[in-house]
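See below for work-v1.tsv, which holds TSV, N, CA and C atoms.
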chain	number	residue	atom	x	y	z
A	247	MET	N	24.07	-10.68	23.88
A	247	MET	CA	23.03	-11.67	23.85
A	247	MET	C	21.75	-11.04	23.32
A	248	SER	N	21.02	-11.74	22.49
A	248	SER	CA	19.81	-11.22	21.87
A	248	SER	C	18.59	-11.48	22.72
A	249	GLY	N	17.63	-10.55	22.64
A	249	GLY	CA	16.36	-10.73	23.31
A	249	GLY	C	15.44	-11.56	22.44
A	250	PRO	N	14.16	-11.69	22.82
A	250	PRO	CA	13.23	-12.52	22.05
A	250	PRO	C	12.96	-11.98	20.65
A	251	ASN	N	13.15	-10.70	20.44
A	251	ASN	CA	12.92	-10.11	19.12
A	251	ASN	C	14.22	-9.90	18.35
A	252	GLY	N	15.31	-10.43	18.83
A	252	GLY	CA	16.58	-10.30	18.15
A	252	GLY	C	17.34	-9.04	18.49
A	253	ASP	N	16.78	-8.19	19.35
A	253	ASP	CA	17.48	-6.97	19.72
A	253	ASP	C	18.42	-7.24	20.88
A	254	LEU	N	19.38	-6.36	21.03
A	254	LEU	CA	20.35	-6.53	22.10
A	254	LEU	C	19.68	-6.34	23.45
A	255	GLY	N	20.09	-7.13	24.41
A	255	GLY	CA	19.54	-7.00	25.76
A	255	GLY	C	19.98	-5.69	26.39
A	256	MET	N	19.09	-5.06	27.15
A	256	MET	CA	19.41	-3.80	27.81
A	256	MET	C	19.65	-4.09	29.28
A	257	PRO	N	20.61	-3.43	29.87
A	257	PRO	CA	20.80	-3.58	31.31
A	257	PRO	C	19.56	-3.11	32.05
A	258	ALA	N	19.25	-3.69	33.17
A	258	ALA	CA	18.04	-3.37	33.92
A	258	ALA	C	18.00	-1.91	34.33
A	259	GLU	N	19.14	-1.31	34.62
A	259	GLU	CA	19.14	0.08	35.07
A	259	GLU	C	18.95	1.09	33.94
A	260	ALA	N	18.96	0.64	32.68
A	260	ALA	CA	18.82	1.56	31.55
A	260	ALA	C	17.41	2.15	31.48
A	261	GLY	N	16.42	1.49	32.06
A	261	GLY	CA	15.06	1.97	32.00
A	261	GLY	C	14.70	2.94	33.09
A	262	VAL	N	15.60	3.28	33.96
A	262	VAL	CA	15.32	4.17	35.08
A	262	VAL	C	15.12	5.59	34.56
A	263	GLU	N	14.09	6.27	35.09
A	263	GLU	CA	13.79	7.63	34.64
A	263	GLU	C	14.93	8.58	34.97
A	264	GLY	N	15.11	9.58	34.05
A	264	GLY	CA	16.09	10.61	34.30
A	264	GLY	C	17.48	10.25	33.78
A	265	GLU	N	17.70	9.03	33.37
A	265	GLU	CA	19.01	8.65	32.84
A	265	GLU	C	19.03	8.83	31.33
A	266	ASP	N	20.21	8.98	30.77
A	266	ASP	CA	20.39	9.11	29.33
A	266	ASP	C	19.96	7.82	28.66
A	267	ASP	N	19.17	7.93	27.60
A	267	ASP	CA	18.68	6.72	26.93
A	267	ASP	C	19.65	6.21	25.87
A	268	GLY	N	20.79	6.87	25.71
A	268	GLY	CA	21.79	6.40	24.77
A	268	GLY	C	21.63	6.94	23.36
A	269	PHE	N	20.58	7.71	23.11
A	269	PHE	CA	20.38	8.28	21.79
A	269	PHE	C	20.69	9.77	21.83
A	270	GLY	N	21.48	10.21	20.87
A	270	GLY	CA	21.78	11.63	20.75
A	270	GLY	C	20.96	12.23	19.63
A	271	GLU	N	21.19	13.50	19.40
A	271	GLU	CA	20.47	14.21	18.34
A	271	GLU	C	20.70	13.57	16.97
A	272	ALA	N	21.93	13.12	16.71
A	272	ALA	CA	22.25	12.52	15.42
A	272	ALA	C	21.44	11.24	15.20
A	273	GLU	N	21.30	10.43	16.24
A	273	GLU	CA	20.53	9.20	16.10
A	273	GLU	C	19.06	9.49	15.85
A	274	TYR	N	18.51	10.46	16.57
A	274	TYR	CA	17.11	10.83	16.36
A	274	TYR	C	16.91	11.40	14.95
A	275	ALA	N	17.86	12.21	14.49
A	275	ALA	CA	17.76	12.77	13.14
A	275	ALA	C	17.82	11.65	12.10
A	276	ALA	N	18.68	10.65	12.31
A	276	ALA	CA	18.79	9.54	11.37
A	276	ALA	C	17.50	8.72	11.35
A	277	ILE	N	16.93	8.46	12.53
A	277	ILE	CA	15.67	7.72	12.61
A	277	ILE	C	14.56	8.51	11.94
A	278	ASN	N	14.52	9.80	12.18
A	278	ASN	CA	13.50	10.66	11.58
A	278	ASN	C	13.63	10.66	10.06
A	279	SER	N	14.86	10.70	9.56
A	279	SER	CA	15.09	10.66	8.12
A	279	SER	C	14.63	9.33	7.53
A	280	MET	N	14.93	8.23	8.22
A	280	MET	CA	14.49	6.92	7.74
A	280	MET	C	12.96	6.83	7.72
A	281	LEU	N	12.33	7.36	8.74
A	281	LEU	CA	10.86	7.34	8.78
A	281	LEU	C	10.28	8.19	7.64
A	282	ASP	N	10.91	9.31	7.34
A	282	ASP	CA	10.47	10.13	6.21
A	282	ASP	C	10.59	9.37	4.90
A	283	GLN	N	11.70	8.63	4.73
A	283	GLN	CA	11.89	7.85	3.51
A	283	GLN	C	10.84	6.74	3.41
A	284	ILE	N	10.56	6.07	4.52
A	284	ILE	CA	9.54	5.03	4.53
A	284	ILE	C	8.19	5.62	4.18
A	285	ASN	N	7.88	6.78	4.75
A	285	ASN	CA	6.62	7.44	4.47
A	285	ASN	C	6.50	7.80	2.99
A	286	SER	N	7.59	8.29	2.39
A	286	SER	CA	7.58	8.62	0.97
A	286	SER	C	7.36	7.37	0.12
A	287	CYS	N	8.01	6.27	0.49
A	287	CYS	CA	7.83	5.01	-0.24
A	287	CYS	C	6.39	4.53	-0.14
A	288	LEU	N	5.81	4.62	1.04
A	288	LEU	CA	4.42	4.20	1.22
A	288	LEU	C	3.47	5.09	0.41
A	289	ASP	N	3.74	6.39	0.38
A	289	ASP	CA	2.92	7.29	-0.44
A	289	ASP	C	3.00	6.91	-1.90
A	290	HIS	N	4.21	6.60	-2.37
A	290	HIS	CA	4.41	6.21	-3.77
A	290	HIS	C	3.66	4.91	-4.07
A	291	LEU	N	3.74	3.95	-3.17
A	291	LEU	CA	3.02	2.69	-3.36
A	291	LEU	C	1.51	2.90	-3.38
A	292	GLU	N	1.03	3.79	-2.53
A	292	GLU	CA	-0.39	4.08	-2.50
A	292	GLU	C	-0.85	4.70	-3.82
A	293	GLU	N	-0.04	5.61	-4.37
A	293	GLU	CA	-0.37	6.21	-5.66
A	293	GLU	C	-0.40	5.16	-6.76
A	294	LYS	N	0.59	4.26	-6.77
A	294	LYS	CA	0.61	3.20	-7.78
A	294	LYS	C	-0.60	2.29	-7.62
A	295	ASN	N	-0.95	1.97	-6.38
A	295	ASN	CA	-2.11	1.13	-6.13
A	295	ASN	C	-3.39	1.79	-6.63
A	296	ASP	N	-3.54	3.08	-6.36
A	296	ASP	CA	-4.72	3.81	-6.83
A	296	ASP	C	-4.78	3.82	-8.35
A	297	HIS	N	-3.62	4.01	-8.99
A	297	HIS	CA	-3.57	4.02	-10.45
A	297	HIS	C	-3.95	2.65	-11.01
A	298	LEU	N	-3.40	1.59	-10.43
A	298	LEU	CA	-3.72	0.23	-10.89
A	298	LEU	C	-5.20	-0.07	-10.68
A	299	HIS	N	-5.73	0.36	-9.55
A	299	HIS	CA	-7.15	0.13	-9.29
A	299	HIS	C	-8.02	0.81	-10.34
A	300	ALA	N	-7.68	2.04	-10.69
A	300	ALA	CA	-8.44	2.77	-11.71
A	300	ALA	C	-8.34	2.07	-13.06
A	301	ARG	N	-7.14	1.61	-13.41
A	301	ARG	CA	-6.95	0.90	-14.69
A	301	ARG	C	-7.74	-0.40	-14.72
A	302	LEU	N	-7.76	-1.13	-13.60
A	302	LEU	CA	-8.51	-2.38	-13.55
A	302	LEU	C	-10.01	-2.13	-13.64
A	303	GLN	N	-10.48	-1.05	-13.04
A	303	GLN	CA	-11.89	-0.69	-13.16
A	303	GLN	C	-12.23	-0.40	-14.62
A	304	GLU	N	-11.34	0.31	-15.32
A	304	GLU	CA	-11.56	0.59	-16.74
A	304	GLU	C	-11.60	-0.70	-17.55
A	305	LEU	N	-10.68	-1.61	-17.26
A	305	LEU	CA	-10.63	-2.88	-17.97
A	305	LEU	C	-11.90	-3.70	-17.71
A	306	LEU	N	-12.34	-3.71	-16.47
A	306	LEU	CA	-13.57	-4.44	-16.12
A	306	LEU	C	-14.76	-3.88	-16.89
A	307	GLU	N	-14.88	-2.58	-16.93
A	307	GLU	CA	-15.99	-1.96	-17.64
A	307	GLU	C	-15.89	-2.24	-19.14
A	308	SER	N	-14.70	-2.19	-19.68
A	308	SER	CA	-14.49	-2.49	-21.10
A	308	SER	C	-14.90	-3.93	-21.40
A	309	ASN	N	-14.52	-4.85	-20.54
A	309	ASN	CA	-14.89	-6.26	-20.74
A	309	ASN	C	-16.40	-6.45	-20.64
A	310	ARG	N	-17.04	-5.74	-19.75
A	310	ARG	CA	-18.50	-5.83	-19.64
A	310	ARG	C	-19.16	-5.34	-20.93
A	311	GLN	N	-18.68	-4.22	-21.44
A	311	GLN	CA	-19.24	-3.67	-22.67
A	311	GLN	C	-19.04	-4.64	-23.84
A	312	THR	N	-17.84	-5.20	-23.92
A	312	THR	CA	-17.54	-6.14	-25.01
A	312	THR	C	-18.44	-7.37	-24.92
A	313	ARG	N	-18.63	-7.89	-23.70
A	313	ARG	CA	-19.49	-9.06	-23.51
A	313	ARG	C	-20.92	-8.74	-23.91
A	314	LEU	N	-21.41	-7.55	-23.53
A	314	LEU	CA	-22.77	-7.17	-23.91
A	314	LEU	C	-22.92	-7.06	-25.41
A	315	GLU	N	-21.91	-6.51	-26.07
A	315	GLU	CA	-21.95	-6.39	-27.53
A	315	GLU	C	-21.98	-7.77	-28.19
A	316	PHE	N	-21.18	-8.69	-27.69
A	316	PHE	CA	-21.19	-10.05	-28.23
A	316	PHE	C	-22.53	-10.72	-28.02
A	317	GLN	N	-23.10	-10.54	-26.84
A	317	GLN	CA	-24.40	-11.13	-26.56
A	317	GLN	C	-25.47	-10.57	-27.48
A	318	GLN	N	-25.41	-9.26	-27.75
A	318	GLN	CA	-26.38	-8.63	-28.64
A	318	GLN	C	-26.22	-9.13	-30.06
A	319	GLN	N	-24.96	-9.33	-30.49
A	319	GLN	CA	-24.70	-9.84	-31.84
A	319	GLN	C	-25.23	-11.26	-32.00
A	320	LEU	N	-25.16	-12.03	-30.93
A	320	LEU	CA	-25.63	-13.41	-30.98
A	320	LEU	C	-27.13	-13.51	-30.74
A	321	GLY	N	-27.77	-12.40	-30.45
A	321	GLY	CA	-29.20	-12.39	-30.23
A	321	GLY	C	-29.61	-12.91	-28.88
A	322	GLU	N	-28.71	-12.98	-27.93
A	322	GLU	CA	-29.02	-13.44	-26.59
A	322	GLU	C	-29.41	-12.25	-25.72
A	323	ALA	N	-30.19	-12.55	-24.73
A	323	ALA	CA	-30.53	-11.52	-23.74
A	323	ALA	C	-29.37	-11.42	-22.76
A	324	PRO	N	-28.91	-10.20	-22.44
A	324	PRO	CA	-27.81	-10.06	-21.49
A	324	PRO	C	-28.21	-10.58	-20.11
A	325	SER	N	-27.29	-11.36	-19.52
A	325	SER	CA	-27.60	-11.94	-18.21
A	325	SER	C	-27.22	-11.01	-17.07
A	326	ASP	N	-26.27	-10.09	-17.31
A	326	ASP	CA	-25.79	-9.18	-16.26
A	326	ASP	C	-25.59	-7.81	-16.86
A	327	ALA	N	-26.67	-7.04	-16.98
A	327	ALA	CA	-26.57	-5.72	-17.59
A	327	ALA	C	-26.23	-4.64	-16.58
A	328	SER	N	-26.25	-4.95	-15.31
A	328	SER	CA	-25.95	-3.93	-14.30
A	328	SER	C	-24.47	-3.77	-14.13
A	329	PRO	N	-23.97	-2.51	-13.91
A	329	PRO	CA	-22.52	-2.29	-13.73
A	329	PRO	C	-21.99	-2.77	-12.41

Would you mind giving the structure from this file in structure tokens?
Amino acid sequence: MSGPNGDLGMPAEAGVEGEDDGFGEAEYAAINSMLDQINSCLDHLEEKNDHLHARLQELLESNRQTRLEFQQQLGEAPSDASP
């Protein structure tokens, strides 16, 4: 039978201190390995996000420069000259 979060129900006596929690070294090693993989994926996503942010900043600045050049060519005063 599933609990409210979809996990299997635990017998009431399983939470008593000093008893085996049902996890062995292999299970802990597997969980640790999965957490390491998740951490690596998150690091990779963070690097991609930082790269995209830098590229978007470059694009924004390029668009600002282009707009200012067009305004100058048209003889208009720039409305937003601050970066």

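Taking CA of Ala300 (chain A) as the reference point, CA of Gln317 (chain A) is found at 25.9 Å.
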
> Suppose you want the space between CA of Glu273 (chain A) and atom N of Leu291 (chain A); what is it in Å?
Replying inline: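 Atom-to-atom, CA of Glu273 (chain A) to atom N of Leu291 (chain A), that is 26.1 Å.
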
> In Å to one decimal, how far is CA of Glu293 (chain A) from atom N of Leu305 (chain A)?
Replying inline: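 Separation of atom N of Leu305 (chain A) and CA of Glu293 (chain A): 17.4 Å.
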